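Participant: So here's start_6.cif, just mmCIF, C-alpha atoms:
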```cif
data_work
#
loop_
_atom_site.label_atom_id
_atom_site.label_comp_id
_atom_site.auth_asym_id
_atom_site.auth_seq_id
_atom_site.Cartn_x
_atom_site.Cartn_y
_atom_site.Cartn_z
CA GLU A 1 11.60 -33.17 -17.01
CA GLN A 2 10.80 -31.87 -13.55
CA SER A 3 12.39 -28.73 -12.21
CA PRO A 4 14.66 -29.17 -9.19
CA ALA A 5 13.04 -28.55 -5.83
CA PRO A 6 13.56 -25.00 -4.51
CA VAL A 7 16.40 -24.67 -2.04
CA PRO A 8 15.67 -22.43 0.98
CA ARG A 9 17.93 -19.40 1.18
CA GLU A 10 19.38 -18.02 4.36
CA VAL A 11 18.33 -14.49 5.25
CA ASN A 12 21.17 -12.10 4.53
CA THR A 13 20.60 -8.90 6.48
CA GLU A 14 23.29 -7.16 4.43
CA LEU A 15 20.99 -7.42 1.42
CA LEU A 16 18.26 -5.75 3.43
CA MET A 17 20.54 -2.90 4.41
CA ASP A 18 21.09 -1.65 0.86
CA ARG A 19 18.07 -0.73 -1.19
CA GLN A 20 20.27 -0.61 -4.30
CA ILE A 21 20.47 -4.42 -4.33
CA LEU A 22 17.08 -5.29 -2.90
CA LYS A 23 15.87 -6.07 -6.39
CA ARG A 24 18.49 -8.70 -7.05
CA GLY A 25 19.83 -8.77 -10.56
CA SER A 26 18.50 -5.32 -11.45
CA ALA A 27 20.71 -2.39 -12.26
CA ALA A 28 21.61 -0.29 -9.27
CA LYS A 29 19.88 3.04 -9.17
CA THR A 30 22.34 5.77 -8.41
CA PRO A 31 21.53 9.14 -6.90
CA PRO A 32 22.28 12.38 -8.74
CA PRO A 33 26.04 12.89 -9.23
CA GLN A 34 27.95 14.70 -6.51
CA ASP A 35 31.44 16.15 -6.46
CA GLU A 36 33.98 14.09 -4.54
CA GLY A 37 34.48 15.44 -1.06
CA ASP A 38 31.35 17.54 -1.27
CA THR A 39 30.03 16.73 2.19
CA ASP A 40 27.30 19.34 1.92
CA ALA A 41 25.94 17.59 -1.16
CA ALA A 42 26.21 14.22 0.56
CA ASP A 43 24.37 15.53 3.60
CA ALA A 44 21.74 17.06 1.33
CA GLY A 45 21.21 13.64 -0.25
CA TRP A 46 20.49 12.12 3.15
CA LEU A 47 18.26 14.98 4.22
CA ALA A 48 16.43 15.50 0.94
CA PRO A 49 13.01 13.88 0.37
CA GLY A 50 13.72 10.24 -0.34
CA GLY A 51 17.01 10.30 1.60
CA ARG A 52 17.39 7.67 4.31
CA LEU A 53 17.64 10.07 7.22
CA HIS A 54 14.79 12.20 5.89
CA GLU A 55 12.51 9.18 5.48
CA SER A 56 13.40 7.78 8.91
CA VAL A 57 12.83 11.08 10.71
CA LYS A 58 9.58 11.61 8.85
CA ALA A 59 8.25 8.18 9.80
CA LEU A 60 9.16 8.63 13.47
CA SER A 61 7.83 12.18 13.80
CA GLN A 62 4.52 11.79 11.96
CA TRP A 63 2.51 9.37 14.08
CA PRO A 64 -0.80 8.74 12.29
CA VAL A 65 -4.20 8.37 13.91
CA PRO A 66 -6.16 5.13 13.57
CA LEU A 67 -9.49 4.87 11.80
CA CYS A 68 -12.30 5.79 14.20
CA THR A 69 -14.70 3.11 15.40
CA PRO A 70 -18.36 3.92 14.67
CA LYS A 71 -20.27 4.56 17.90
CA ASP A 72 -23.13 2.27 16.89
CA SER A 73 -20.79 -0.51 15.76
CA SER A 74 -21.05 -3.95 17.38
CA PRO A 75 -17.64 -5.54 16.75
CA GLY A 76 -17.44 -9.27 16.30
CA ILE A 77 -15.81 -11.87 14.11
CA VAL A 78 -18.04 -12.75 11.16
CA ALA A 79 -16.77 -15.14 8.48
CA PRO A 80 -15.32 -14.50 5.99
CA GLY A 81 -14.79 -10.95 7.28
CA LEU A 82 -14.19 -9.63 3.77
CA HIS A 83 -16.26 -7.31 1.59
CA ALA A 84 -15.68 -6.69 -2.10
CA HIS A 85 -17.23 -4.78 -4.96
CA SER A 86 -16.33 -4.73 -8.66
CA ILE A 87 -16.75 -2.06 -11.33
CA ASP A 88 -15.65 -1.50 -14.91
CA SER A 89 -12.07 -0.23 -14.70
CA LYS A 90 -12.12 1.79 -17.94
CA PRO A 91 -13.99 4.92 -16.71
CA LEU A 92 -11.69 5.40 -13.71
CA ARG A 93 -8.61 4.84 -15.86
CA ALA A 94 -9.90 7.49 -18.24
CA VAL A 95 -10.34 9.94 -15.35
CA ALA A 96 -6.81 9.25 -14.09
CA LYS A 97 -5.41 9.74 -17.60
CA SER A 98 -7.25 13.05 -17.98
CA LEU A 99 -5.69 14.23 -14.71
CA GLY A 100 -2.21 13.15 -15.81
CA VAL A 101 -1.78 10.59 -13.01
CA SER A 102 -1.84 6.82 -12.65
CA LEU A 103 -4.92 4.93 -11.54
CA ASN A 104 -3.04 3.96 -8.37
CA ASP A 105 -2.43 7.64 -7.56
CA LEU A 106 -6.14 8.34 -7.92
CA LEU A 107 -7.03 5.37 -5.70
CA LEU A 108 -4.61 6.59 -3.03
CA ARG A 109 -5.92 10.17 -3.13
CA ASP A 110 -9.53 9.07 -2.83
CA LEU A 111 -8.71 6.71 0.03
CA PHE A 112 -7.16 9.64 1.93
CA LEU A 113 -10.35 11.63 1.34
CA THR A 114 -12.44 8.66 2.52
CA LEU A 115 -10.37 8.17 5.69
CA ARG A 116 -10.56 11.84 6.58
CA GLU A 117 -14.34 11.99 6.07
CA TRP A 118 -14.85 8.73 7.98
CA ASN A 119 -12.99 10.05 11.02
CA ARG A 120 -14.93 13.30 10.82
CA ASN A 121 -18.23 11.43 10.90
CA HIS A 122 -17.36 8.81 13.51
CA GLY A 123 -15.10 10.39 16.09
CA LYS A 124 -12.99 13.30 17.18
CA SER A 125 -11.07 14.64 14.21
CA SER A 126 -8.51 17.42 13.95
CA ASP A 127 -7.14 19.10 10.85
CA ARG A 128 -3.68 18.49 12.32
CA ASP A 129 -4.14 14.72 12.50
CA TRP A 130 -1.70 12.69 10.44
CA LEU A 131 -3.25 10.12 8.11
CA ARG A 132 -0.99 7.42 6.70
CA ILE A 133 -1.51 4.78 4.03
CA ASN A 134 0.81 1.79 4.02
CA MET A 135 1.46 0.76 0.42
CA PRO A 136 3.18 -2.65 0.07
CA THR A 137 5.76 -2.70 -2.74
CA ASN A 138 7.12 -5.62 -4.73
CA LEU A 139 10.82 -6.38 -4.14
CA ARG A 140 11.05 -9.45 -6.35
CA GLY A 141 13.89 -9.54 -8.85
CA PRO A 142 14.87 -11.78 -11.78
CA ASP A 143 16.42 -14.35 -9.42
CA ASP A 144 13.05 -14.82 -7.71
CA ARG A 145 11.28 -16.08 -10.82
CA ASN A 146 11.24 -19.68 -9.55
CA CYS A 147 10.80 -18.77 -5.91
CA PRO A 148 7.86 -20.56 -4.21
CA VAL A 149 4.88 -18.66 -2.87
CA THR A 150 6.17 -16.22 -0.28
CA ASN A 151 6.18 -12.52 0.53
CA ILE A 152 9.13 -10.64 -0.92
CA LEU A 153 7.98 -7.11 -0.34
CA GLY A 154 8.60 -3.85 1.40
CA TYR A 155 6.37 -1.11 2.75
CA ALA A 156 6.15 2.46 1.51
CA PHE A 157 4.33 4.97 3.69
CA ILE A 158 2.45 7.99 2.37
CA THR A 159 1.51 10.45 5.11
CA ARG A 160 -0.59 13.60 4.98
CA ARG A 161 -2.21 16.06 7.38
CA ALA A 162 -5.98 15.73 7.46
CA SER A 163 -6.21 19.39 6.42
CA GLU A 164 -4.44 18.59 3.13
CA CYS A 165 -7.58 16.73 2.07
CA ASP A 166 -9.28 20.13 1.73
CA ALA A 167 -7.32 20.63 -1.52
CA PRO A 168 -7.86 17.37 -3.47
CA GLY A 169 -5.99 18.60 -6.55
CA GLU A 170 -2.84 19.49 -4.62
CA LEU A 171 -3.17 16.28 -2.63
CA LEU A 172 -3.22 14.26 -5.86
CA SER A 173 -0.16 16.06 -7.24
CA GLY A 174 1.77 15.43 -4.03
CA ILE A 175 0.84 11.74 -4.04
CA GLN A 176 2.03 11.46 -7.63
CA ARG A 177 5.41 12.90 -6.61
CA ASP A 178 5.61 10.43 -3.72
CA THR A 179 4.76 7.36 -5.79
CA THR A 180 7.22 8.42 -8.48
CA ALA A 181 9.98 8.65 -5.86
CA ILE A 182 8.95 5.30 -4.37
CA LYS A 183 9.34 3.61 -7.76
CA GLN A 184 12.48 5.48 -8.79
CA TRP A 185 14.40 4.90 -5.57
CA ASP A 186 12.82 1.63 -4.38
CA LEU A 187 11.79 3.35 -1.16
CA GLY A 188 9.73 0.31 -0.16
CA GLY A 189 13.07 -1.31 0.66
CA TYR A 190 13.55 1.02 3.62
CA PHE A 191 11.19 -1.10 5.71
CA PRO A 192 13.17 -4.38 5.53
CA ALA A 193 16.37 -2.32 5.83
CA THR A 194 15.01 -0.84 9.06
CA LEU A 195 14.16 -4.32 10.34
CA ALA A 196 17.69 -5.46 9.55
CA THR A 197 19.10 -2.56 11.58
CA VAL A 198 16.69 -3.03 14.47
CA SER A 199 17.41 -6.78 14.63
CA ARG A 200 21.03 -6.00 15.53
CA ILE A 201 20.05 -4.11 18.68
CA LYS A 202 19.18 -6.27 21.66
CA GLY A 203 15.52 -5.89 22.62
CA ALA A 204 14.85 -3.35 19.89
CA MET A 205 12.86 -5.70 17.65
CA SER A 206 10.45 -6.55 20.46
CA LEU A 207 9.98 -2.86 21.25
CA PHE A 208 9.55 -2.03 17.56
CA THR A 209 6.92 -4.71 16.91
CA THR A 210 4.93 -4.40 20.15
CA SER A 211 4.60 -0.62 20.20
CA SER A 212 1.10 0.61 21.04
CA ARG A 213 1.41 3.40 18.48
CA CYS A 214 -0.45 3.40 15.18
CA PHE A 215 1.92 2.87 12.25
CA ALA A 216 -0.67 3.31 9.48
CA THR A 217 -4.28 4.44 9.32
CA ALA A 218 -4.98 1.95 6.51
CA VAL A 219 -3.27 -0.38 4.05
CA LEU A 220 -3.78 -0.16 0.28
CA SER A 221 -2.25 -2.96 -1.80
CA ASN A 222 -2.67 -2.85 -5.57
CA VAL A 223 -1.70 -6.24 -7.02
CA GLY A 224 -2.76 -5.49 -10.59
CA ASP A 225 -3.91 -8.55 -12.54
CA PRO A 226 -2.66 -11.70 -10.75
CA SER A 227 -3.86 -13.92 -13.60
CA ARG A 228 -1.12 -12.51 -15.84
CA ARG A 229 1.44 -14.17 -13.57
CA PHE A 230 -0.14 -17.64 -13.67
CA VAL A 231 2.43 -20.14 -14.93
CA THR A 232 -0.14 -22.29 -16.75
CA GLN A 233 -1.92 -20.58 -19.63
CA LEU A 234 -5.60 -21.51 -19.56
CA PRO A 235 -8.30 -20.56 -22.06
CA ARG A 236 -10.44 -17.50 -21.41
CA LYS A 237 -14.01 -16.53 -22.07
CA HIS A 238 -14.92 -12.84 -21.99
CA GLY A 239 -11.52 -12.25 -20.40
CA LYS A 240 -12.11 -14.72 -17.56
CA ILE A 241 -10.08 -17.90 -17.08
CA VAL A 242 -11.85 -21.16 -17.85
CA ALA A 243 -10.72 -24.40 -16.18
CA GLY A 244 -12.86 -27.31 -17.31
CA GLN A 245 -16.45 -26.54 -16.34
CA MET A 246 -15.44 -23.72 -14.00
CA VAL A 247 -14.90 -20.02 -14.66
CA LEU A 248 -12.67 -17.89 -12.44
CA ASP A 249 -15.11 -15.06 -11.84
CA ARG A 250 -13.18 -12.83 -9.41
CA ILE A 251 -9.96 -12.77 -7.39
CA LEU A 252 -10.42 -11.62 -3.80
CA GLY A 253 -8.22 -11.15 -0.75
CA ALA A 254 -6.92 -8.58 1.71
CA PRO A 255 -3.60 -7.68 3.34
CA PRO A 256 -3.10 -8.63 7.00
CA LEU A 257 -3.90 -6.17 9.76
CA ARG A 258 -1.66 -5.08 12.61
CA PRO A 259 -2.77 -3.43 15.86
CA LYS A 260 -4.11 0.12 15.41
CA THR A 261 -4.46 -0.33 11.64
CA HIS A 262 -8.18 -1.00 11.44
CA ALA A 263 -8.69 -1.45 7.69
CA ALA A 264 -6.81 -3.02 4.78
CA PHE A 265 -7.79 -2.65 1.12
CA LEU A 266 -6.79 -4.81 -1.83
CA ILE A 267 -7.09 -3.65 -5.45
CA VAL A 268 -7.36 -6.32 -8.15
CA THR A 269 -7.74 -5.78 -11.90
CA TYR A 270 -9.10 -8.79 -13.75
CA ALA A 271 -11.13 -9.19 -16.96
CA GLN A 272 -11.44 -5.39 -17.35
CA GLU A 273 -12.97 -5.15 -13.87
CA LEU A 274 -11.58 -3.29 -10.89
CA THR A 275 -12.32 -5.10 -7.64
CA ILE A 276 -11.75 -3.47 -4.27
CA CYS A 277 -11.74 -5.68 -1.18
CA VAL A 278 -11.69 -4.50 2.41
CA ARG A 279 -11.00 -6.28 5.67
CA SER A 280 -11.60 -4.41 8.92
CA ASP A 281 -10.44 -5.24 12.42
CA PRO A 282 -13.35 -7.23 13.93
CA HIS A 283 -12.40 -6.01 17.42
CA PHE A 284 -13.40 -2.47 16.43
CA PHE A 285 -15.62 -2.76 13.35
CA SER A 286 -18.84 -4.67 12.86
CA ASP A 287 -19.48 -6.45 9.59
CA GLN A 288 -21.96 -3.71 8.68
CA SER A 289 -19.44 -0.95 9.47
CA SER A 290 -16.89 -2.62 7.23
CA ARG A 291 -19.43 -2.67 4.41
CA GLU A 292 -20.18 1.01 5.00
CA LEU A 293 -16.48 1.86 4.82
CA LEU A 294 -16.20 0.16 1.43
CA ASP A 295 -19.36 1.94 0.23
CA ALA A 296 -17.89 5.28 1.34
CA TYR A 297 -14.73 4.58 -0.67
CA PHE A 298 -16.72 3.73 -3.79
CA ALA A 299 -18.88 6.82 -3.34
CA GLN A 300 -15.72 8.92 -3.32
CA LEU A 301 -14.43 7.19 -6.46
CA ASP A 302 -17.80 7.65 -8.17
CA SER A 303 -17.61 11.39 -7.54
CA ASN A 304 -14.69 11.51 -10.00
CA LEU A 305 -16.92 10.13 -12.74
CA ALA A 306 -19.62 12.68 -11.96
CA ARG A 307 -17.14 15.55 -12.39
CA ASN A 308 -15.75 14.26 -15.70
#
```
Have the structure of the file written as structure tokens, please.
Facilitator:
Amino acid sequence: EQSPAPVPREVNTELLMDRQILKRGSAAKTPPPQDEGDTDAADAGWLAPGGRLHESVKALSQWPVPLCTPKDSSPGIVAPGLHAHSIDSKPLRAVAKSLGVSLNDLLLRDLFLTLREWNRNHGKSSDRDWLRINMPTNLRGPDDRNCPVTNILGYAFITRRASECDAPGELLSGIQRDTTAIKQWDLGGYFPATLATVSRIKGAMSLFTTSSRCFATAVLSNVGDPSRRFVTQLPRKHGKIVAGQMVLDRILGAPPLRPKTHAAFLIVTYAQELTICVRSDPHFFSDQSSRELLDAYFAQLDSNLARN
């Protein structure tokens, strides 16, 4: 018996306005209890880290710098425009566990260190520069189980001064606090909520989407193991999916780029391997420069193994 064809749903901006119901069907996450009529407590909730006003002001006041273009780079479109490298995921997971953080936290911290060092080596860099990583977050809920292939996601932004990279341990602890808040309060939902608000103001959406400012220095999307979400269960050999005479060796891809965001990274875990893919803006990075950026990231990750 065939399943009924999916029925397109109309966009409901009211759903986008409330992060409590962005994950449809999930229990609403309530903030810490406050006394009725306690306006100071209510204001504190808005102004506290993770509060809507706090997050909005932070995003608008901390304009990040883009990734510097190497002086000897010869930009140009080269197919497929994607570089990837795979390593055994177990050693890095062990390092993250020993530090009391998630693997994703470690990947974020080391990407900040890589971005800071890259800008130091390839352009004018200031300790007061803001660096920002855009981390896409999953907003799918139980009702989206049968939804066709589409993006149901939000964006969470992690921003740091370049000078904060001088203290990697403190940087890692701060990132862990941020990612915990992002998960606990579904902060990735602020991005579609912002779009819903902006769409109600005439001309604001055009201004918002065509701004010449840099919104993120880089993108880091960790999709985990996509093969675990395959509907059809296929046999495996050495952890890799086998389909007839073919073996699915690796899963590659990269998030899209927007103006001023010159690099996007994708993290995939599959068959006990960690694969990192990078796509760089071909208008600013040569194919060789993109490869060097990925190598610099892996060199930073390898330094963790050398210390442990």
Participant: From the options A:Leu106, A:Leu257, A:Val198, A:Val278, which residue's atoms come nearest to Asn134 of chain A, counting all atoms listed in the file?
Facilitator: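 Among A:Leu106, A:Leu257, A:Val198, A:Val278, it is A:Leu257 that comes nearest to Asn134 of chain A.
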Participant: Apply the PyMOL selection byres ((chain A and resi 88) around 8) to the structure shown and report the selected residues as a ChimeraX atom specification.
Facilitator: /A:86-87,89-91,272-274
Participant: I need the residue set behind the PyMOL selection byres ((chain A and resi 267) around 7) for this file; please write it as a ChimeraX atom specification.
Facilitator: /A:221-224,265-266,268-269,275-277
Participant: Could you state which residues are captured by the PyMOL selection byres ((chain A and resi 189) around 8) in this file, as an MDAnalysis selection string?
Facilitator: chainID A and resid 16 19 22 139 153:156 186:188 190:193
Participant: May I have the residues from that selection written out with C-alpha atoms, as a PDB file, keeping the file's coordinate frame?
Facilitator:
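Produced file selection-v1.pdb, reproduced below:
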```pdb
ATOM      1  CA  LEU A  16      18.260  -5.750   3.430  1.00  0.00           C
ATOM      2  CA  ARG A  19      18.070  -0.730  -1.190  1.00  0.00           C
ATOM      3  CA  LEU A  22      17.080  -5.290  -2.900  1.00  0.00           C
ATOM      4  CA  LEU A 139      10.820  -6.380  -4.140  1.00  0.00           C
ATOM      5  CA  LEU A 153       7.980  -7.110  -0.340  1.00  0.00           C
ATOM      6  CA  GLY A 154       8.600  -3.850   1.400  1.00  0.00           C
ATOM      7  CA  TYR A 155       6.370  -1.110   2.750  1.00  0.00           C
ATOM      8  CA  ALA A 156       6.150   2.460   1.510  1.00  0.00           C
ATOM      9  CA  ASP A 186      12.820   1.630  -4.380  1.00  0.00           C
ATOM     10  CA  LEU A 187      11.790   3.350  -1.160  1.00  0.00           C
ATOM     11  CA  GLY A 188       9.730   0.310  -0.160  1.00  0.00           C
ATOM     12  CA  TYR A 190      13.550   1.020   3.620  1.00  0.00           C
ATOM     13  CA  PHE A 191      11.190  -1.100   5.710  1.00  0.00           C
ATOM     14  CA  PRO A 192      13.170  -4.380   5.530  1.00  0.00           C
ATOM     15  CA  ALA A 193      16.370  -2.320   5.830  1.00  0.00           C
TER      16      ALA A 193
END
```
Participant: Excluding same-chain residues fewer than 6 positions from segment 173-182 of chain A, what lies within 12 Å of it counting only C-alpha atoms, as a PyMOL selection string?
Facilitator: chain A and resi 19+29+31+48-51+55+96+99-112+132-139+154-160+164-165+167+188-190
Participant: Where atoms are absent from segment 140-151 of chain A, fill them in so it carries all heavy atoms, then output it as a compact mmCIF listing (two decimals), in the coordinates of the input.
Facilitator:
```txt
# COMPACT_ATOMS: atom_id res chain seq x y z
N ARG A 140 10.55 -8.29 -5.61
CA ARG A 140 11.05 -9.45 -6.35
C ARG A 140 11.94 -9.00 -7.51
O ARG A 140 11.68 -8.00 -8.16
CB ARG A 140 9.88 -10.28 -6.91
CG ARG A 140 9.14 -11.09 -5.86
CD ARG A 140 7.96 -11.83 -6.47
NE ARG A 140 7.29 -12.65 -5.46
CZ ARG A 140 7.55 -13.92 -5.23
NH1 ARG A 140 8.47 -14.54 -5.95
NH2 ARG A 140 6.90 -14.59 -4.31
N GLY A 141 12.98 -9.79 -7.74
CA GLY A 141 13.89 -9.54 -8.85
C GLY A 141 13.95 -10.73 -9.77
O GLY A 141 13.25 -11.74 -9.56
N PRO A 142 14.78 -10.68 -10.81
CA PRO A 142 14.87 -11.78 -11.78
C PRO A 142 15.22 -13.12 -11.13
O PRO A 142 14.75 -14.16 -11.58
CB PRO A 142 15.98 -11.31 -12.73
CG PRO A 142 15.97 -9.82 -12.62
CD PRO A 142 15.62 -9.53 -11.19
N ASP A 143 16.02 -13.10 -10.06
CA ASP A 143 16.42 -14.35 -9.42
C ASP A 143 15.28 -15.01 -8.65
O ASP A 143 15.41 -16.15 -8.19
CB ASP A 143 17.59 -14.11 -8.46
CG ASP A 143 18.87 -13.74 -9.21
OD1 ASP A 143 18.90 -13.95 -10.44
OD2 ASP A 143 19.81 -13.24 -8.57
N ASP A 144 14.17 -14.28 -8.47
CA ASP A 144 13.05 -14.82 -7.71
C ASP A 144 11.98 -15.44 -8.60
O ASP A 144 10.90 -15.79 -8.13
CB ASP A 144 12.41 -13.71 -6.86
CG ASP A 144 13.37 -13.15 -5.83
OD1 ASP A 144 13.99 -13.95 -5.13
OD2 ASP A 144 13.49 -11.91 -5.75
N ARG A 145 12.28 -15.59 -9.89
CA ARG A 145 11.28 -16.08 -10.82
C ARG A 145 10.75 -17.46 -10.41
O ARG A 145 9.56 -17.74 -10.53
CB ARG A 145 11.87 -16.15 -12.24
CG ARG A 145 10.85 -16.49 -13.32
CD ARG A 145 11.51 -16.47 -14.69
NE ARG A 145 12.12 -15.19 -14.97
CZ ARG A 145 11.46 -14.14 -15.44
NH1 ARG A 145 10.16 -14.23 -15.66
NH2 ARG A 145 12.08 -13.01 -15.67
N ASN A 146 11.63 -18.33 -9.94
CA ASN A 146 11.24 -19.68 -9.55
C ASN A 146 11.04 -19.84 -8.05
O ASN A 146 10.96 -20.95 -7.54
CB ASN A 146 12.28 -20.69 -10.04
CG ASN A 146 12.38 -20.73 -11.56
OD1 ASN A 146 11.36 -20.65 -12.25
ND2 ASN A 146 13.60 -20.84 -12.07
N CYS A 147 10.98 -18.72 -7.36
CA CYS A 147 10.80 -18.77 -5.91
C CYS A 147 9.38 -19.24 -5.58
O CYS A 147 8.42 -18.84 -6.24
CB CYS A 147 11.03 -17.38 -5.32
SG CYS A 147 11.04 -17.34 -3.52
N PRO A 148 9.21 -20.12 -4.58
CA PRO A 148 7.86 -20.56 -4.21
C PRO A 148 7.05 -19.41 -3.63
O PRO A 148 7.56 -18.31 -3.41
CB PRO A 148 8.13 -21.65 -3.17
CG PRO A 148 9.47 -21.33 -2.61
CD PRO A 148 10.25 -20.74 -3.75
N VAL A 149 5.78 -19.69 -3.38
CA VAL A 149 4.88 -18.66 -2.87
C VAL A 149 5.40 -18.13 -1.54
O VAL A 149 5.57 -18.88 -0.58
CB VAL A 149 3.45 -19.22 -2.69
CG1 VAL A 149 2.55 -18.16 -2.06
CG2 VAL A 149 2.89 -19.67 -4.03
N THR A 150 5.68 -16.85 -1.50
CA THR A 150 6.17 -16.22 -0.28
C THR A 150 6.07 -14.71 -0.47
O THR A 150 5.85 -14.22 -1.58
CB THR A 150 7.63 -16.62 0.01
OG1 THR A 150 8.02 -16.07 1.27
CG2 THR A 150 8.57 -16.08 -1.06
N ASN A 151 6.20 -13.98 0.61
CA ASN A 151 6.18 -12.52 0.53
C ASN A 151 7.60 -11.99 0.39
O ASN A 151 8.42 -12.17 1.28
CB ASN A 151 5.53 -11.93 1.79
CG ASN A 151 4.03 -12.11 1.80
OD1 ASN A 151 3.39 -12.10 0.76
ND2 ASN A 151 3.46 -12.27 2.98
```
